[in-house]
Each structure stands twice: as C-alpha cells, then as structure tokens.
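Structure file work.txt (compact mmCIF, C-alpha atoms) is printed below.
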# COMPACT_ATOMS: atom_id res chain seq x y z
CA MET Q 95 67.91 -58.27 -155.08
CA ALA Q 96 70.63 -55.85 -154.13
CA GLY Q 97 71.64 -55.88 -150.50
CA THR Q 98 70.38 -59.39 -149.76
CA GLU Q 99 73.67 -61.23 -150.05
CA THR Q 100 74.97 -62.90 -146.88
CA SER Q 101 78.21 -64.54 -145.86
CA PRO Q 102 78.35 -68.28 -146.50
CA GLY Q 103 76.97 -70.21 -143.56
CA THR Q 104 75.31 -67.26 -141.84
CA GLY Q 105 72.05 -66.69 -143.67
CA LYS Q 106 69.22 -64.49 -142.52
CA LEU Q 107 65.51 -64.84 -142.02
CA VAL Q 108 63.61 -63.40 -144.98
CA ARG Q 109 59.97 -62.90 -145.84
CA ASP Q 110 58.25 -65.95 -147.34
CA ARG Q 111 58.02 -64.62 -150.90
CA ILE Q 112 61.67 -63.49 -151.15
CA PRO Q 113 62.95 -66.78 -152.67
CA GLN Q 114 60.41 -66.52 -155.50
CA ILE Q 115 61.27 -62.85 -156.05
CA ILE Q 116 64.94 -63.86 -156.34
CA ARG Q 117 64.01 -66.60 -158.84
CA ASN Q 118 61.98 -64.10 -160.85
CA GLU Q 119 65.13 -61.97 -161.07
CA GLY Q 120 67.04 -64.88 -162.61
CA ALA Q 121 69.00 -66.19 -159.60
CA GLU Q 122 68.53 -69.38 -157.61
CA PRO Q 123 68.38 -68.79 -153.85
CA VAL Q 124 69.99 -71.21 -151.43
CA ILE Q 125 67.46 -71.65 -148.64
CA TYR Q 126 66.31 -74.00 -145.90
CA ILE Q 127 63.48 -73.98 -143.37
CA ALA Q 128 64.56 -73.15 -139.82
CA GLY Q 129 63.52 -75.38 -136.96
CA PRO Q 130 61.50 -73.93 -134.07
CA GLU Q 131 64.44 -72.87 -131.86
CA GLU Q 132 66.43 -71.37 -134.72
CA TYR Q 133 63.30 -69.61 -136.02
CA ARG Q 134 62.72 -68.03 -132.61
CA ALA Q 135 66.33 -66.85 -132.41
CA ARG Q 136 66.30 -65.54 -135.98
CA LEU Q 137 63.03 -63.67 -135.37
CA ARG Q 138 64.64 -61.89 -132.43
CA GLU Q 139 67.63 -60.99 -134.57
CA LYS Q 140 65.29 -59.83 -137.35
CA LEU Q 141 63.54 -57.58 -134.83
CA ARG Q 142 66.89 -55.98 -133.94
CA GLU Q 143 67.64 -55.52 -137.65
CA GLU Q 144 64.27 -53.98 -138.46
CA VAL Q 145 64.32 -51.66 -135.43
CA ALA Q 146 67.80 -50.48 -136.44
CA GLU Q 147 66.56 -49.82 -139.98
CA PHE Q 148 63.60 -47.87 -138.59
CA LEU Q 149 65.90 -45.80 -136.35
CA ASP Q 150 68.14 -44.99 -139.33
CA ALA Q 151 65.25 -44.21 -141.69
CA ASP Q 152 64.33 -40.72 -142.81
CA GLU Q 153 60.77 -39.49 -142.46
CA GLY Q 154 59.77 -40.83 -145.88
CA GLU Q 155 61.18 -44.34 -145.26
CA ALA Q 156 60.04 -44.59 -141.63
CA PRO Q 157 56.46 -45.83 -142.26
CA GLY Q 158 57.68 -48.77 -144.37
CA GLU Q 159 60.36 -49.65 -141.85
CA LEU Q 160 57.83 -49.44 -139.03
CA ALA Q 161 55.58 -51.83 -140.98
CA ASP Q 162 58.52 -54.24 -141.16
CA VAL Q 163 58.90 -54.01 -137.36
CA ALA Q 164 55.17 -54.73 -136.99
CA GLU Q 165 55.44 -57.77 -139.29
CA VAL Q 166 58.23 -59.23 -137.13
CA LEU Q 167 56.26 -58.46 -133.94
CA LEU Q 168 53.27 -60.35 -135.31
CA ALA Q 169 55.49 -63.31 -136.25
CA LEU Q 170 57.00 -63.33 -132.75
CA ALA Q 171 53.53 -63.23 -131.22
CA ALA Q 172 52.37 -66.10 -133.45
CA ASP Q 173 55.43 -68.11 -132.43
CA LEU Q 174 54.32 -67.63 -128.81
CA GLY Q 175 50.79 -68.74 -129.71
CA ILE Q 176 49.38 -65.21 -129.45
CA SER Q 177 47.00 -63.91 -132.12
CA PRO Q 178 47.13 -60.30 -133.30
CA GLU Q 179 43.88 -59.71 -131.41
CA GLN Q 180 45.32 -61.18 -128.21
CA LEU Q 181 48.45 -59.06 -128.60
CA GLU Q 182 46.32 -55.95 -129.02
CA ALA Q 183 44.28 -56.89 -125.92
CA ILE Q 184 47.50 -57.24 -123.91
CA ARG Q 185 48.70 -53.88 -125.22
CA VAL Q 186 45.38 -52.21 -124.33
CA ALA Q 187 45.42 -53.74 -120.83
CA LYS Q 188 48.98 -52.52 -120.21
CA ALA Q 189 48.08 -49.07 -121.51
CA GLY Q 190 45.09 -49.04 -119.17
CA GLN Q 191 47.29 -49.91 -116.19
CA ARG Q 192 50.40 -47.88 -116.98
CA GLY Q 193 49.36 -45.52 -119.76
CA GLY Q 194 50.76 -45.13 -123.24
CA PHE Q 195 53.32 -42.73 -124.65
CA ALA Q 196 51.09 -40.06 -126.19
CA GLY Q 197 51.71 -37.72 -123.25
CA ARG Q 198 55.44 -37.50 -124.15
CA THR Q 199 56.38 -37.82 -120.46
CA VAL Q 200 60.12 -38.03 -119.75
CA TRP Q 201 61.14 -39.34 -116.32
CA MET Q 202 64.27 -37.77 -114.81
CA GLY Q 203 64.52 -39.92 -111.66
CA ASN Q 204 63.22 -39.38 -108.11
CA ARG Q 205 63.93 -36.82 -105.38
Entire entry expressed as structure tokens:
Amino acid sequence: MAGTETSPGTGKLVRDRIPQIIRNEGAEPVIYIAGPEEYRARLREKLREEVAEFLDADEGEAPGELADVAEVLLALAADLGISPEQLEAIRVAKAGQRGGFAGRTVWMGNR
C-alpha cells in the first residue's frame, strides 16, 4: 500500500482491515492494539489527518475524504459511549437551538 509507511516507533491508527490488505499485497505489517488512552489520542490525530485530506481534496475526491472524516467521528462517538443515533439526536438538538449552516451566514462581529 503506497503512502502507508511510517517512521519507526511512530505508527498511525489505521482501519481494521488494513493489516489484511497489506498481507494480501505480500507484506507483513507490524501492528499492535492501542490501549484506551492511546486510542483516544490517535483518533483525535486521525481526525486532524482526515480533515486535512478533505480540505486538500479536489471536488472528485472530496466525498470519499468526507466519508473518512465521518468514520473517525463515529469512532470518536463510540469511544465516548455515544451511538450514531445519539450523535444525530445531539446534532439535531443543537441545530434546533442554534441553527445549521445551510443559510451560509457569515458573522463579521458586532457594532
């Protein structure tokens, strides 16, 4: 898998099937399972990575990158004990209180 190499000792959080995909390509991945605190920290870093990839993506790549962001968001929610349905309910409640972003409103400060 091109682009998946990391510096020794650093590693990165990858999707669950990536080690098998690497094996299928003829390499043997060096992996371990992160503990709860490390997992939480690596999920946050993965969110930064995926958001950056989305921001750099062209229009054709953007939907896939956005799906990657959503996958990390769902993993973060699960780590907090929040189901996708609960997360959506929280989002809907916040949108009901404060609105969404469909109106394209840009705030310029107060007078």
At a cut-off of 10 Å, using only C-alpha atoms, what residues contact Pro113 (chain Q)? Leave out same-chain residues fewer than 5 positions from it and give the result as a CSV table (one decimal) with C-alpha atoms, keeping the file's coordinate frame.
chain,number,residue,atom,x,y,z
Q,108,VAL,CA,63.6,-63.4,-145.0
Q,118,ASN,CA,62.0,-64.1,-160.8
Q,119,GLU,CA,65.1,-62.0,-161.1
Q,121,ALA,CA,69.0,-66.2,-159.6
Q,122,GLU,CA,68.5,-69.4,-157.6
Q,123,PRO,CA,68.4,-68.8,-153.8
Q,124,VAL,CA,70.0,-71.2,-151.4
Q,125,ILE,CA,67.5,-71.6,-148.6
Atomic separation - CA of Asp173 (chain Q) relative to CA of Leu137 (chain Q), Å =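 Between CA of Leu137 (chain Q) and CA of Asp173 (chain Q) the gap works out to 9.3 Å.
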In Å to one decimal, how far is CA of Asp162 (chain Q) from CA of Arg136 (chain Q)?
-> 14.7 Å
Rounded to one decimal in Å, what is the spacing between CA of Glu159 (chain Q) and CA of Ala189 (chain Q)?
->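 Between CA of Glu159 (chain Q) and CA of Ala189 (chain Q) the gap is 23.8 Å.
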Counting only C-alpha atoms, which of Q:Ile127, Q:Val200, Q:Leu149, Q:Leu160 gets nearest to Arg109 (chain Q)?
->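 Using only C-alpha atoms, the shortest distance to Arg109 (chain Q) belongs to Q:Ile127.
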Do a neighbour search on region 131-135 of chain Q at 12 Å with only C-alpha atoms, toss out local chain neighbours closer than 6 positions, and write the hits as a list of chain:residue names.
->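 Listed by chain and then number, they are Q:Gly105, Q:Lys106, Q:Leu107, Q:Val108, Q:Leu141, Q:Arg142, Q:Val166, Q:Leu167, Q:Ala169, Q:Leu170, Q:Ala171, Q:Ala172, Q:Asp173, Q:Leu174.
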Written selection (C-alpha atoms) as an mmCIF file, keeping the file's coordinate frame:
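See again-v7.cif below for the written result:
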data_model
loop_
_atom_site.group_PDB
_atom_site.id
_atom_site.type_symbol
_atom_site.label_atom_id
_atom_site.label_comp_id
_atom_site.auth_asym_id
_atom_site.auth_seq_id
_atom_site.Cartn_x
_atom_site.Cartn_y
_atom_site.Cartn_z
ATOM 1 C CA GLY Q 105 72.050 -66.690 -143.670
ATOM 2 C CA LYS Q 106 69.220 -64.490 -142.520
ATOM 3 C CA LEU Q 107 65.510 -64.840 -142.020
ATOM 4 C CA VAL Q 108 63.610 -63.400 -144.980
ATOM 5 C CA LEU Q 141 63.540 -57.580 -134.830
ATOM 6 C CA ARG Q 142 66.890 -55.980 -133.940
ATOM 7 C CA VAL Q 166 58.230 -59.230 -137.130
ATOM 8 C CA LEU Q 167 56.260 -58.460 -133.940
ATOM 9 C CA ALA Q 169 55.490 -63.310 -136.250
ATOM 10 C CA LEU Q 170 57.000 -63.330 -132.750
ATOM 11 C CA ALA Q 171 53.530 -63.230 -131.220
ATOM 12 C CA ALA Q 172 52.370 -66.100 -133.450
ATOM 13 C CA ASP Q 173 55.430 -68.110 -132.430
ATOM 14 C CA LEU Q 174 54.320 -67.630 -128.810
#
For region 131-145 of chain Q, take all atoms listed in the file, fit an axis-aligned box around them, add 4 Å to each of the six sides, then output centre and edge lengths in Å rounded to one decimal, as lines of an AutoDock Vina configuration file.
center_x = 65.2
center_y = -62.3
center_z = -135.2
size_x = 12.9
size_y = 29.2
size_z = 14.6
Which is closest to Asp110 (chain Q) among Q:Tyr126, Q:Glu179, Q:Val163, Q:Met202, if we use only C-alpha atoms?
->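 When distances to Asp110 (chain Q) are compared using only C-alpha atoms, the smallest one comes from Q:Tyr126.
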Can you work out which one of Q:Asn204, Q:Ile115, Q:Glu182, Q:Glu144 has the shortest atom-to-atom distance to Gly158 (chain Q), counting all atoms listed in the file?
-> Q:Glu144
Counting only C-alpha atoms, the residue of Q:Ala146, Q:Lys140, Q:Ile116, Q:Arg185 that sits nearest Glu165 (chain Q) | Q:Lys140
